[in-house]
$ cat data-v6.cif   # mmCIF, C-alpha atoms (C1' of nucleotides)
data_upload
loop_
_atom_site.group_PDB
_atom_site.id
_atom_site.type_symbol
_atom_site.label_atom_id
_atom_site.label_comp_id
_atom_site.auth_asym_id
_atom_site.auth_seq_id
_atom_site.Cartn_x
_atom_site.Cartn_y
_atom_site.Cartn_z
ATOM 1 C CA MET A 1 0.000 0.000 0.000
ATOM 2 C CA LYS A 2 1.199 3.423 -0.934
ATOM 3 C CA ILE A 3 2.074 5.610 2.020
ATOM 4 C CA SER A 4 1.384 9.271 1.355
ATOM 5 C CA LYS A 5 3.994 11.862 2.211
ATOM 6 C CA ASN A 6 1.727 13.550 4.689
ATOM 7 C CA ARG A 7 0.601 10.494 6.548
ATOM 8 C CA LYS A 8 2.764 10.337 9.632
ATOM 9 C CA LYS A 9 0.594 8.884 12.333
ATOM 10 C CA ASN A 10 -1.307 5.671 12.241
ATOM 11 C CA ASP A 11 0.456 4.536 9.109
ATOM 12 C CA HIS A 12 -1.128 1.144 9.226
ATOM 13 C CA PRO A 13 -4.178 -0.045 11.099
ATOM 14 C CA GLY A 14 -3.421 -1.342 14.544
ATOM 15 C CA SER A 15 -0.064 0.389 14.683
ATOM 16 C CA ALA A 16 -1.363 2.824 17.294
ATOM 17 C CA LYS A 17 -1.029 2.492 21.025
ATOM 18 C CA GLN A 18 -4.214 0.742 21.872
ATOM 19 C CA GLU A 19 -5.985 -2.405 22.822
ATOM 20 C CA ARG A 20 -3.069 -4.679 23.552
ATOM 21 C CA TYR A 21 -5.152 -6.556 26.117
ATOM 22 C CA ILE A 22 -2.241 -6.541 28.539
ATOM 23 C CA GLN A 23 -4.363 -6.690 31.662
ATOM 24 C CA PRO A 24 -6.432 -9.752 30.716
ATOM 25 C CA SER A 25 -3.309 -11.458 29.392
ATOM 26 C CA ILE A 26 -1.548 -11.014 32.737
ATOM 27 C CA LEU A 27 -4.628 -12.183 34.613
ATOM 28 C CA MET A 28 -4.922 -15.240 32.367
ATOM 29 C CA GLY A 29 -1.259 -16.047 32.950
ATOM 30 C CA LEU A 30 -1.717 -15.862 36.708
ATOM 31 C CA TYR A 31 -4.939 -17.819 36.447
ATOM 32 C CA LEU A 32 -2.889 -20.627 34.876
ATOM 33 C CA ASN A 33 -0.012 -20.394 37.365
ATOM 34 C CA PRO A 34 1.462 -18.017 39.916
ATOM 35 C CA SER A 35 4.330 -16.151 38.288
ATOM 36 C CA TYR A 36 6.492 -13.038 38.468
ATOM 37 C CA GLY A 37 7.310 -10.018 36.314
ATOM 38 C CA TYR A 38 10.334 -11.235 34.473
ATOM 39 C CA GLU A 39 8.629 -14.485 33.491
ATOM 40 C CA ILE A 40 5.447 -12.707 32.432
ATOM 41 C CA ILE A 41 7.499 -10.399 30.203
ATOM 42 C CA ARG A 42 8.712 -13.416 28.251
ATOM 43 C CA HIS A 43 5.550 -15.525 28.289
ATOM 44 C CA ILE A 44 2.792 -12.987 27.675
ATOM 45 C CA GLN A 45 3.299 -13.379 23.925
ATOM 46 C CA ASN A 46 1.643 -16.806 24.223
ATOM 47 C CA PHE A 47 -1.697 -15.109 24.689
ATOM 48 C CA GLY A 48 -1.505 -13.581 21.236
ATOM 49 C CA PHE A 49 -1.679 -9.832 21.773
ATOM 50 C CA VAL A 50 2.000 -9.048 22.241
ATOM 51 C CA LYS A 51 4.773 -9.966 19.820
ATOM 52 C CA GLY A 52 8.006 -11.100 21.458
ATOM 53 C CA ASP A 53 8.990 -9.900 24.910
ATOM 54 C CA ALA A 54 6.814 -7.218 26.450
ATOM 55 C CA PRO A 55 8.432 -3.915 27.486
ATOM 56 C CA PRO A 56 9.366 -4.508 31.157
ATOM 57 C CA GLY A 57 8.071 -1.142 32.292
ATOM 58 C CA MET A 58 4.649 -2.023 30.973
ATOM 59 C CA ILE A 59 4.425 -5.271 32.862
ATOM 60 C CA TYR A 60 5.672 -3.967 36.212
ATOM 61 C CA ARG A 61 3.390 -0.969 35.889
ATOM 62 C CA HIS A 62 0.413 -3.256 35.316
ATOM 63 C CA LEU A 63 1.342 -5.599 38.138
ATOM 64 C CA ARG A 64 1.534 -2.740 40.609
ATOM 65 C CA GLN A 65 -1.816 -1.390 39.468
ATOM 66 C CA LEU A 66 -3.403 -4.827 39.597
ATOM 67 C CA GLU A 67 -2.179 -5.318 43.150
ATOM 68 C CA GLU A 68 -3.372 -1.873 44.190
ATOM 69 C CA ASP A 69 -6.752 -2.829 42.752
ATOM 70 C CA GLY A 70 -6.785 -6.113 44.669
ATOM 71 C CA LEU A 71 -6.852 -8.307 41.561
ATOM 72 C CA VAL A 72 -3.519 -9.948 42.354
ATOM 73 C CA ARG A 73 -1.476 -10.544 45.492
ATOM 74 C CA SER A 74 2.318 -10.785 45.754
ATOM 75 C CA GLU A 75 5.109 -11.835 48.039
ATOM 76 C CA TRP A 76 8.881 -11.848 47.731
ATOM 77 C CA LYS A 77 10.419 -15.186 46.961
ATOM 78 C CA THR A 78 14.114 -15.376 47.811
ATOM 79 C CA GLU A 79 14.614 -19.132 47.536
ATOM 80 C CA GLY A 80 15.676 -20.552 44.210
ATOM 81 C CA THR A 81 18.229 -19.309 41.730
ATOM 82 C CA GLY A 82 18.902 -15.676 40.752
ATOM 83 C CA PRO A 83 17.788 -12.386 42.325
ATOM 84 C CA ALA A 84 14.687 -12.334 44.492
ATOM 85 C CA LYS A 85 11.408 -12.496 42.599
ATOM 86 C CA ARG A 86 8.092 -10.946 43.515
ATOM 87 C CA MET A 87 5.679 -13.815 43.033
ATOM 88 C CA TYR A 88 2.154 -12.913 42.057
ATOM 89 C CA CYS A 89 -1.060 -14.906 42.230
ATOM 90 C CA ILE A 90 -4.570 -13.964 41.179
ATOM 91 C CA THR A 91 -7.235 -13.193 43.799
ATOM 92 C CA GLU A 92 -10.913 -14.083 43.808
ATOM 93 C CA GLU A 93 -11.669 -10.573 42.671
ATOM 94 C CA GLY A 94 -9.063 -10.997 39.931
ATOM 95 C CA ASN A 95 -10.902 -14.101 38.735
ATOM 96 C CA GLU A 96 -14.126 -12.133 38.530
ATOM 97 C CA VAL A 97 -12.490 -9.370 36.536
ATOM 98 C CA LEU A 98 -10.906 -11.889 34.181
ATOM 99 C CA SER A 99 -14.311 -13.421 33.625
ATOM 100 C CA ALA A 100 -15.729 -9.953 32.910
ATOM 101 C CA TRP A 101 -12.882 -9.376 30.458
ATOM 102 C CA ILE A 102 -13.881 -12.574 28.638
ATOM 103 C CA GLY A 103 -17.425 -11.265 28.339
ATOM 104 C CA TYR A 104 -16.158 -7.955 26.990
ATOM 105 C CA MET A 105 -13.861 -9.681 24.539
ATOM 106 C CA GLU A 106 -16.655 -11.907 23.219
ATOM 107 C CA ASN A 107 -18.728 -8.818 22.661
ATOM 108 C CA GLN A 108 -15.854 -7.070 20.935
ATOM 109 C CA ALA A 109 -15.194 -10.075 18.676
ATOM 110 C CA GLU A 110 -18.840 -10.079 17.669
ATOM 111 C CA LYS A 111 -18.786 -6.374 16.850
ATOM 112 C CA LEU A 112 -15.681 -6.895 14.751
ATOM 113 C CA GLN A 113 -17.323 -9.713 12.843
ATOM 114 C CA ASN A 114 -20.432 -7.650 12.196
ATOM 115 C CA PHE A 115 -18.307 -4.822 10.886
ATOM 116 C CA ILE A 116 -16.350 -7.154 8.631
ATOM 117 C CA ALA A 117 -19.540 -8.796 7.375
ATOM 118 C CA MET A 118 -20.985 -5.387 6.542
ATOM 119 C CA TYR A 119 -17.892 -4.576 4.514
ATOM 120 C CA ARG A 120 -17.946 -7.915 2.711
ATOM 121 C CA ARG A 121 -21.575 -7.429 1.726
ATOM 122 C CA LEU A 122 -20.630 -4.130 0.119
ATOM 123 C CA THR A 123 -17.628 -5.349 -1.814
ATOM 124 C CA LYS A 124 -18.753 -8.659 -3.251
ATOM 125 C CA MET B 1 -19.309 -7.779 40.657
ATOM 126 C CA LYS B 2 -17.877 -6.291 43.800
ATOM 127 C CA ILE B 3 -15.899 -3.142 43.227
ATOM 128 C CA SER B 4 -13.067 -2.722 45.703
ATOM 129 C CA LYS B 5 -12.531 0.598 47.440
ATOM 130 C CA ASN B 6 -9.110 0.998 45.918
ATOM 131 C CA ARG B 7 -10.015 0.245 42.336
ATOM 132 C CA LYS B 8 -10.397 3.600 40.683
ATOM 133 C CA LYS B 9 -9.215 3.130 37.156
ATOM 134 C CA ASN B 10 -10.386 0.620 34.647
ATOM 135 C CA ASP B 11 -13.298 -0.399 36.809
ATOM 136 C CA HIS B 12 -14.742 -2.619 34.166
ATOM 137 C CA PRO B 13 -13.168 -4.101 31.072
ATOM 138 C CA GLY B 14 -13.473 -1.931 28.033
ATOM 139 C CA SER B 15 -14.183 1.183 30.057
ATOM 140 C CA ALA B 16 -10.818 2.656 29.167
ATOM 141 C CA LYS B 17 -10.136 5.009 26.315
ATOM 142 C CA GLN B 18 -9.091 2.645 23.616
ATOM 143 C CA GLU B 19 -10.014 0.784 20.503
ATOM 144 C CA ARG B 20 -13.221 2.514 19.596
ATOM 145 C CA TYR B 21 -12.478 1.913 15.893
ATOM 146 C CA ILE B 22 -13.484 5.455 15.078
ATOM 147 C CA GLN B 23 -11.306 5.725 11.993
ATOM 148 C CA PRO B 24 -12.545 2.591 10.203
ATOM 149 C CA SER B 25 -16.117 3.456 11.166
ATOM 150 C CA ILE B 26 -15.824 6.878 9.543
ATOM 151 C CA LEU B 27 -14.189 5.369 6.462
ATOM 152 C CA MET B 28 -16.919 2.739 6.216
ATOM 153 C CA GLY B 29 -19.571 5.452 6.494
ATOM 154 C CA LEU B 30 -17.981 7.420 3.665
ATOM 155 C CA TYR B 31 -17.511 4.248 1.659
ATOM 156 C CA LEU B 32 -21.290 3.800 1.819
ATOM 157 C CA ASN B 33 -22.100 7.439 1.054
ATOM 158 C CA PRO B 34 -20.494 10.875 1.066
ATOM 159 C CA SER B 35 -21.398 12.604 4.293
ATOM 160 C CA TYR B 36 -20.436 15.388 6.710
ATOM 161 C CA GLY B 37 -19.423 15.756 10.340
ATOM 162 C CA TYR B 38 -22.745 16.396 11.952
ATOM 163 C CA GLU B 39 -24.346 13.448 10.220
ATOM 164 C CA ILE B 40 -21.444 11.148 11.009
ATOM 165 C CA ILE B 41 -21.709 12.102 14.686
ATOM 166 C CA ARG B 42 -25.261 10.754 14.748
ATOM 167 C CA HIS B 43 -24.838 7.757 12.436
ATOM 168 C CA ILE B 44 -21.516 6.294 13.513
ATOM 169 C CA GLN B 45 -23.281 4.280 16.210
ATOM 170 C CA ASN B 46 -24.660 2.064 13.416
ATOM 171 C CA PHE B 47 -21.221 0.535 13.005
ATOM 172 C CA GLY B 48 -21.316 -0.874 16.522
ATOM 173 C CA PHE B 49 -18.329 0.653 18.295
ATOM 174 C CA VAL B 50 -19.864 3.859 19.600
ATOM 175 C CA LYS B 51 -22.989 4.108 21.727
ATOM 176 C CA GLY B 52 -25.279 7.024 20.911
ATOM 177 C CA ASP B 53 -23.926 10.203 19.390
ATOM 178 C CA ALA B 54 -20.153 10.502 19.138
ATOM 179 C CA PRO B 55 -18.425 13.445 20.847
ATOM 180 C CA PRO B 56 -18.280 16.086 18.087
ATOM 181 C CA GLY B 57 -14.673 17.015 18.827
ATOM 182 C CA MET B 58 -13.637 13.451 18.165
ATOM 183 C CA ILE B 59 -15.294 13.271 14.767
ATOM 184 C CA TYR B 60 -14.059 16.630 13.470
ATOM 185 C CA ARG B 61 -10.577 15.850 14.718
ATOM 186 C CA HIS B 62 -10.600 12.537 12.837
ATOM 187 C CA LEU B 63 -11.994 14.092 9.669
ATOM 188 C CA ARG B 64 -9.265 16.719 9.600
ATOM 189 C CA GLN B 65 -6.572 14.083 10.189
ATOM 190 C CA LEU B 66 -8.049 11.808 7.528
ATOM 191 C CA GLU B 67 -8.050 14.644 5.019
ATOM 192 C CA GLU B 68 -4.484 15.608 5.902
ATOM 193 C CA ASP B 69 -3.550 11.976 5.302
ATOM 194 C CA GLY B 70 -5.297 11.945 1.940
ATOM 195 C CA LEU B 71 -7.825 9.279 2.907
ATOM 196 C CA VAL B 72 -10.811 11.568 2.423
ATOM 197 C CA ARG B 73 -11.511 14.722 0.436
ATOM 198 C CA SER B 74 -13.937 17.519 1.324
ATOM 199 C CA GLU B 75 -15.701 20.542 -0.080
ATOM 200 C CA TRP B 76 -18.135 23.062 1.358
ATOM 201 C CA LYS B 77 -21.733 22.552 0.419
ATOM 202 C CA THR B 78 -23.857 25.650 0.877
ATOM 203 C CA GLU B 79 -26.989 24.514 -0.968
ATOM 204 C CA GLY B 80 -29.733 22.797 0.956
ATOM 205 C CA THR B 81 -31.167 23.545 4.360
ATOM 206 C CA GLY B 82 -29.283 24.722 7.467
ATOM 207 C CA PRO B 83 -25.733 26.051 7.879
ATOM 208 C CA ALA B 84 -23.096 25.123 5.319
ATOM 209 C CA LYS B 85 -21.764 21.579 5.560
ATOM 210 C CA ARG B 86 -18.327 20.294 4.752
ATOM 211 C CA MET B 87 -19.071 17.237 2.607
ATOM 212 C CA TYR B 88 -16.534 14.427 2.718
ATOM 213 C CA CYS B 89 -15.957 11.533 0.385
ATOM 214 C CA ILE B 90 -13.461 8.696 0.581
ATOM 215 C CA THR B 91 -10.443 8.610 -1.735
ATOM 216 C CA GLU B 92 -8.827 5.664 -3.460
ATOM 217 C CA GLU B 93 -6.174 5.662 -0.775
ATOM 218 C CA GLY B 94 -8.938 5.733 1.828
ATOM 219 C CA ASN B 95 -10.425 2.617 0.270
ATOM 220 C CA GLU B 96 -7.090 0.873 0.548
ATOM 221 C CA VAL B 97 -6.718 1.833 4.189
ATOM 222 C CA LEU B 98 -10.255 0.668 4.944
ATOM 223 C CA SER B 99 -9.430 -2.650 3.337
ATOM 224 C CA ALA B 100 -6.285 -2.870 5.481
ATOM 225 C CA TRP B 101 -8.394 -2.101 8.548
ATOM 226 C CA ILE B 102 -10.666 -5.017 7.660
ATOM 227 C CA GLY B 103 -7.647 -7.297 7.528
ATOM 228 C CA TYR B 104 -6.445 -6.029 10.890
ATOM 229 C CA MET B 105 -9.882 -6.443 12.418
ATOM 230 C CA GLU B 106 -10.191 -10.014 11.157
ATOM 231 C CA ASN B 107 -6.876 -10.775 12.753
ATOM 232 C CA GLN B 108 -7.919 -9.129 15.988
ATOM 233 C CA ALA B 109 -11.211 -11.046 16.066
ATOM 234 C CA GLU B 110 -9.291 -14.282 15.639
ATOM 235 C CA LYS B 111 -6.925 -13.432 18.485
ATOM 236 C CA LEU B 112 -9.868 -12.631 20.709
ATOM 237 C CA GLN B 113 -11.515 -15.937 19.900
ATOM 238 C CA ASN B 114 -8.325 -17.842 20.614
ATOM 239 C CA PHE B 115 -8.007 -16.104 23.962
ATOM 240 C CA ILE B 116 -11.627 -16.849 24.852
ATOM 241 C CA ALA B 117 -11.256 -20.482 23.783
ATOM 242 C CA MET B 118 -8.169 -20.825 25.983
ATOM 243 C CA TYR B 119 -10.143 -19.508 28.938
ATOM 244 C CA ARG B 120 -13.080 -21.803 28.243
ATOM 245 C CA ARG B 121 -10.819 -24.841 28.112
ATOM 246 C CA LEU B 122 -9.526 -23.960 31.574
ATOM 247 C CA THR B 123 -12.871 -23.338 33.209
ATOM 248 C CA LYS B 124 -15.038 -26.162 31.942
ATOM 249 C "C1'" DT C 1 -40.251 39.898 14.824
ATOM 250 C "C1'" DA C 2 -37.562 38.480 18.668
ATOM 251 C "C1'" DA C 3 -36.222 34.562 21.263
ATOM 252 C "C1'" DA C 4 -35.405 29.781 21.445
ATOM 253 C "C1'" DT C 5 -33.915 25.760 19.259
ATOM 254 C "C1'" DA C 6 -31.596 22.875 15.827
ATOM 255 C "C1'" DT C 7 -27.885 22.487 12.701
ATOM 256 C "C1'" DA C 8 -22.985 22.590 11.851
ATOM 257 C "C1'" DT C 9 -18.063 23.186 12.590
ATOM 258 C "C1'" DA C 10 -14.059 24.087 15.416
ATOM 259 C "C1'" DT C 11 -10.787 24.434 19.327
ATOM 260 C "C1'" DC C 12 -8.912 23.281 23.654
ATOM 261 C "C1'" DC C 13 -7.859 20.713 27.861
ATOM 262 C "C1'" DT C 14 -7.567 16.429 30.453
ATOM 263 C "C1'" DT C 15 -7.104 11.502 31.083
ATOM 264 C "C1'" DT C 16 -5.559 6.973 29.999
ATOM 265 C "C1'" DA C 17 -2.640 3.575 28.344
ATOM 266 C "C1'" DA C 18 1.079 2.282 25.575
ATOM 267 C "C1'" DG C 19 5.972 2.743 23.984
ATOM 268 C "C1'" DA C 20 10.610 3.395 25.095
ATOM 269 C "C1'" DA C 21 14.683 4.398 27.565
ATOM 270 C "C1'" DT C 22 17.283 3.911 31.495
ATOM 271 C "C1'" DA C 23 18.670 2.847 36.347
ATOM 272 C "C1'" DT C 24 19.695 -0.389 39.927
ATOM 273 C "C1'" DA C 25 20.770 -4.602 42.096
ATOM 274 C "C1'" DT C 26 21.768 -9.515 42.477
ATOM 275 C "C1'" DG C 27 23.290 -14.020 41.125
ATOM 276 C "C1'" DT C 28 26.040 -17.110 37.846
ATOM 277 C "C1'" DC C 29 29.759 -18.593 35.261
ATOM 278 C "C1'" DA C 30 33.831 -18.519 32.410
ATOM 279 C "C1'" DT D 1 37.007 -10.590 38.455
ATOM 280 C "C1'" DG D 2 34.510 -9.213 34.771
ATOM 281 C "C1'" DA D 3 30.802 -10.174 31.699
ATOM 282 C "C1'" DC D 4 26.316 -11.660 31.337
ATOM 283 C "C1'" DA D 5 21.689 -13.105 32.727
ATOM 284 C "C1'" DT D 6 18.127 -12.345 35.962
ATOM 285 C "C1'" DA D 7 14.894 -9.278 38.196
ATOM 286 C "C1'" DT D 8 12.542 -5.073 39.493
ATOM 287 C "C1'" DA D 9 11.683 -0.174 39.183
ATOM 288 C "C1'" DT D 10 11.306 4.671 37.492
ATOM 289 C "C1'" DT D 11 10.670 8.208 34.232
ATOM 290 C "C1'" DC D 12 9.567 10.533 29.949
ATOM 291 C "C1'" DT D 13 7.081 10.829 25.664
ATOM 292 C "C1'" DT D 14 3.357 9.902 22.446
ATOM 293 C "C1'" DA D 15 -1.297 8.507 20.783
ATOM 294 C "C1'" DA D 16 -5.969 8.462 21.128
ATOM 295 C "C1'" DA D 17 -10.150 9.076 23.497
ATOM 296 C "C1'" DG D 18 -13.315 11.820 26.455
ATOM 297 C "C1'" DG D 19 -15.320 16.039 27.465
ATOM 298 C "C1'" DA D 20 -16.229 20.955 27.628
ATOM 299 C "C1'" DT D 21 -16.939 24.990 25.332
ATOM 300 C "C1'" DA D 22 -17.083 28.521 21.580
ATOM 301 C "C1'" DT D 23 -18.942 30.253 17.334
ATOM 302 C "C1'" DA D 24 -22.044 30.835 13.600
ATOM 303 C "C1'" DT D 25 -26.107 30.058 10.764
ATOM 304 C "C1'" DA D 26 -30.768 28.588 9.810
ATOM 305 C "C1'" DT D 27 -35.386 27.425 11.346
ATOM 306 C "C1'" DT D 28 -39.218 27.415 14.278
ATOM 307 C "C1'" DT D 29 -42.384 29.303 17.455
ATOM 308 C "C1'" DA D 30 -44.304 32.280 20.804
#

$ encode --input "data-v6.cif" --output "structure tokens"
Amino acid sequence: MKISKNRKKNDHPGSAKQERYIQPSILMGLYLNPSYGYEIIRHIQNFGFVKGDAPPGMIYRHLRQLEEDGLVRSEWKTEGTGPAKRMYCITEEGNEVLSAWIGYMENQAEKLQNFIAMYRRLTK
Amino acid sequence: MKISKNRKKNDHPGSAKQERYIQPSILMGLYLNPSYGYEIIRHIQNFGFVKGDAPPGMIYRHLRQLEEDGLVRSEWKTEGTGPAKRMYCITEEGNEVLSAWIGYMENQAEKLQNFIAMYRRLTK
DNA sequence: TAAATATATATCCTTTAAGAATATATGTCA
DNA sequence: TGACATATATTCTTAAAGGATATATATTTA
């Protein structure tokens, strides 16, 4: 696709800073298994919304917010190899929010499909 | 769902400012028919991503950006009833970007479904 | 006909979340 | 001991949405 000279922002759809679904991805990860920041950074790509390692700042920022909101709980773990890790697990409230996220995401997927279907009807 | 005292931001999934798909909705509207800001504000809800009227500032901001990017073209229309309207139509480049948006949205819908399926496998 | 309302565009400020860079500290291993 | 991997944390910038308000014209109605 030709990129016009004047088009600086939003050069291709989805390139903007939006809707990475970081929060539900972290919650899903912790729903599967307790974990910690550095591991989440590397594994969050398995949930499909992040390519490669996540920016560390993003993950730690989210984890702190999630804990402040009571959706996860953490404790330092000094045993084991390497520097101390802050181990996180999901709370009951976290489970509820994850479930709500699933509902939202189903709704969003449906809206996307309707939009796509509308477009297809016009073009065929 | 219980809302904790400390949870201020992001109280419910999707409440944040993100992924409203305003740009593709405007492009789709203009793909259907040439139109103008005030009409788009009222009709954009038909595409599913905005509830009720859109905030005017948002629409006019997008229209200006789209024109600067060469995805739409406009001209003043003084005939007809009411104050003058700035009529917009989609350009060839706009069509290409809309088509790219459709591809992105298909991809996003698929990711969402994979995520949901993963969750369902865990909970059943 | 004057006031109220609807139509129409435009500008500005704030909030939210992501992106990106960098700092700091500890443990491991050649 | 010096390089590298592990691990967390902080800070700055950018993108996009949300929301408020300003301005002007046309139409309706009291």

$ resolve_selection --input "data-v6.cif" --expression "the PyMOL selection byres ((chain A and resi 43-51) around 9)" --output "NGL selection string"
(:A and (19-22 or 25-26 or 28-29 or 38-42 or 52-54)) or (:B and (108 or 111-112 or 114-115 or 118))

$ resolve_selection --input "data-v6.cif" --expression "the PyMOL selection byres ((chain C and resi 8-17) around 12)" --output "PyMOL selection string"
(chain A and resi 16-23+58+61-62) or (chain B and resi 9-10+15-19+36-41+56-61+63-64+76-78+81-87) or (chain C and resi 6-7+18-19) or (chain D and resi 14-26)

$ closest_residue --input "data-v6.cif" --among "A:Gly94, A:Pro55, A:Gly70, A:Pro34" --to "chain C" --atoms "all atoms listed in the file"
A:Pro55

$ calpha_fit_and_write --input "data-v6.cif" --fixed "chain A" --moving "chain B" --output "short mmCIF file (atom, residue, chain, number, x, y, z; two decimals) with C-alpha atoms, in the coordinates of the input"
data_model
loop_
_atom_site.label_atom_id
_atom_site.label_comp_id
_atom_site.auth_asym_id
_atom_site.auth_seq_id
_atom_site.Cartn_x
_atom_site.Cartn_y
_atom_site.Cartn_z
CA MET B 1 0.01 -0.11 -0.03
CA LYS B 2 1.21 3.32 -1.00
CA ILE B 3 2.08 5.51 1.93
CA SER B 4 1.44 9.18 1.25
CA LYS B 5 4.06 11.76 2.13
CA ASN B 6 1.76 13.47 4.58
CA ARG B 7 0.62 10.42 6.48
CA LYS B 8 2.75 10.33 9.58
CA LYS B 9 0.55 8.92 12.27
CA ASN B 10 -1.35 5.70 12.24
CA ASP B 11 0.40 4.52 9.12
CA HIS B 12 -1.16 1.13 9.28
CA PRO B 13 -4.19 -0.10 11.17
CA GLY B 14 -3.41 -1.37 14.61
CA SER B 15 -0.08 0.42 14.75
CA ALA B 16 -1.37 2.83 17.36
CA LYS B 17 -1.01 2.45 21.08
CA GLN B 18 -4.22 0.77 21.99
CA GLU B 19 -6.00 -2.40 22.87
CA ARG B 20 -3.07 -4.66 23.56
CA TYR B 21 -5.15 -6.54 26.16
CA ILE B 22 -2.24 -6.51 28.56
CA GLN B 23 -4.37 -6.68 31.68
CA PRO B 24 -6.44 -9.74 30.73
CA SER B 25 -3.32 -11.44 29.41
CA ILE B 26 -1.55 -11.00 32.74
CA LEU B 27 -4.63 -12.18 34.63
CA MET B 28 -4.93 -15.22 32.37
CA GLY B 29 -1.26 -16.02 32.94
CA LEU B 30 -1.72 -15.87 36.71
CA TYR B 31 -4.94 -17.84 36.44
CA LEU B 32 -2.89 -20.63 34.85
CA ASN B 33 -0.02 -20.39 37.34
CA PRO B 34 1.48 -18.02 39.89
CA SER B 35 4.32 -16.15 38.26
CA TYR B 36 6.51 -13.04 38.45
CA GLY B 37 7.32 -10.01 36.32
CA TYR B 38 10.34 -11.23 34.46
CA GLU B 39 8.64 -14.45 33.47
CA ILE B 40 5.45 -12.69 32.43
CA ILE B 41 7.48 -10.36 30.21
CA ARG B 42 8.71 -13.36 28.23
CA HIS B 43 5.55 -15.48 28.28
CA ILE B 44 2.80 -12.95 27.66
CA GLN B 45 3.30 -13.32 23.91
CA ASN B 46 1.65 -16.76 24.21
CA PHE B 47 -1.70 -15.06 24.69
CA GLY B 48 -1.53 -13.52 21.23
CA PHE B 49 -1.69 -9.77 21.78
CA VAL B 50 1.98 -8.98 22.25
CA LYS B 51 4.76 -9.89 19.84
CA GLY B 52 8.01 -11.00 21.46
CA ASP B 53 8.98 -9.82 24.91
CA ALA B 54 6.80 -7.14 26.47
CA PRO B 55 8.41 -3.84 27.52
CA PRO B 56 9.34 -4.45 31.18
CA GLY B 57 8.03 -1.08 32.33
CA MET B 58 4.61 -1.98 31.02
CA ILE B 59 4.41 -5.26 32.89
CA TYR B 60 5.66 -3.96 36.24
CA ARG B 61 3.36 -0.98 35.96
CA HIS B 62 0.38 -3.28 35.36
CA LEU B 63 1.34 -5.63 38.18
CA ARG B 64 1.53 -2.78 40.66
CA GLN B 65 -1.83 -1.40 39.51
CA LEU B 66 -3.42 -4.85 39.64
CA GLU B 67 -2.18 -5.35 43.18
CA GLU B 68 -3.39 -1.91 44.24
CA ASP B 69 -6.77 -2.87 42.80
CA GLY B 70 -6.80 -6.14 44.71
CA LEU B 71 -6.86 -8.33 41.60
CA VAL B 72 -3.53 -9.97 42.38
CA ARG B 73 -1.47 -10.56 45.50
CA SER B 74 2.33 -10.80 45.75
CA GLU B 75 5.14 -11.85 48.03
CA TRP B 76 8.91 -11.87 47.71
CA LYS B 77 10.45 -15.21 46.95
CA THR B 78 14.14 -15.39 47.80
CA GLU B 79 14.65 -19.15 47.48
CA GLY B 80 15.71 -20.59 44.17
CA THR B 81 18.23 -19.33 41.65
CA GLY B 82 18.91 -15.71 40.67
CA PRO B 83 17.83 -12.43 42.29
CA ALA B 84 14.71 -12.38 44.45
CA LYS B 85 11.42 -12.51 42.58
CA ARG B 86 8.12 -10.96 43.49
CA MET B 87 5.69 -13.85 43.01
CA TYR B 88 2.14 -12.93 42.05
CA CYS B 89 -1.05 -14.92 42.22
CA ILE B 90 -4.57 -13.99 41.18
CA THR B 91 -7.23 -13.22 43.79
CA GLU B 92 -10.90 -14.11 43.81
CA GLU B 93 -11.66 -10.60 42.67
CA GLY B 94 -9.08 -11.02 39.92
CA ASN B 95 -10.91 -14.11 38.73
CA GLU B 96 -14.13 -12.15 38.54
CA VAL B 97 -12.50 -9.37 36.55
CA LEU B 98 -10.92 -11.89 34.18
CA SER B 99 -14.34 -13.41 33.64
CA ALA B 100 -15.74 -9.94 32.93
CA TRP B 101 -12.91 -9.37 30.46
CA ILE B 102 -13.90 -12.56 28.65
CA GLY B 103 -17.44 -11.26 28.34
CA TYR B 104 -16.18 -7.94 27.01
CA MET B 105 -13.88 -9.66 24.55
CA GLU B 106 -16.67 -11.88 23.24
CA ASN B 107 -18.74 -8.80 22.66
CA GLN B 108 -15.88 -7.05 20.93
CA ALA B 109 -15.21 -10.06 18.69
CA GLU B 110 -18.86 -10.06 17.68
CA LYS B 111 -18.79 -6.35 16.84
CA LEU B 112 -15.69 -6.88 14.75
CA GLN B 113 -17.32 -9.71 12.84
CA ASN B 114 -20.43 -7.64 12.19
CA PHE B 115 -18.29 -4.81 10.87
CA ILE B 116 -16.32 -7.16 8.62
CA ALA B 117 -19.51 -8.80 7.35
CA MET B 118 -20.95 -5.38 6.50
CA TYR B 119 -17.84 -4.58 4.49
CA ARG B 120 -17.91 -7.92 2.70
CA ARG B 121 -21.54 -7.43 1.70
CA LEU B 122 -20.58 -4.12 0.08
CA THR B 123 -17.56 -5.35 -1.81
CA LYS B 124 -18.67 -8.66 -3.25
#

$ atom_distance --input "data-v6.cif" --atom1 "atom CA of B:Ser99" --atom2 "atom CA of B:Leu66"
15.1 Å

$ atom_distance --input "data-v6.cif" --atom1 "atom CA of A:Asn95" --atom2 "atom CA of B:Thr123"
10.9 Å

$ residues_around --input "data-v6.cif" --residues "B:Glu106" --least-positions-apart "2" --cutoff "8 Å" --atoms "only C-alpha atoms (C1' of nucleotides)" --output "PyMOL selection string"
(chain A and resi 112-113+116) or (chain B and resi 102-104+108-110)

$ write_last_selection --input "data-v6.cif" --atoms "C-alpha atoms" --output "JSON list (two decimals), in the frame of the given file"
[["chain", "number", "residue", "atom", "x", "y", "z"],
["A", 112, "LEU", "CA", -15.68, -6.90, 14.75],
["A", 113, "GLN", "CA", -17.32, -9.71, 12.84],
["A", 116, "ILE", "CA", -16.35, -7.15, 8.63],
["B", 102, "ILE", "CA", -10.67, -5.02, 7.66],
["B", 103, "GLY", "CA", -7.65, -7.30, 7.53],
["B", 104, "TYR", "CA", -6.44, -6.03, 10.89],
["B", 108, "GLN", "CA", -7.92, -9.13, 15.99],
["B", 109, "ALA", "CA", -11.21, -11.05, 16.07],
["B", 110, "GLU", "CA", -9.29, -14.28, 15.64]]
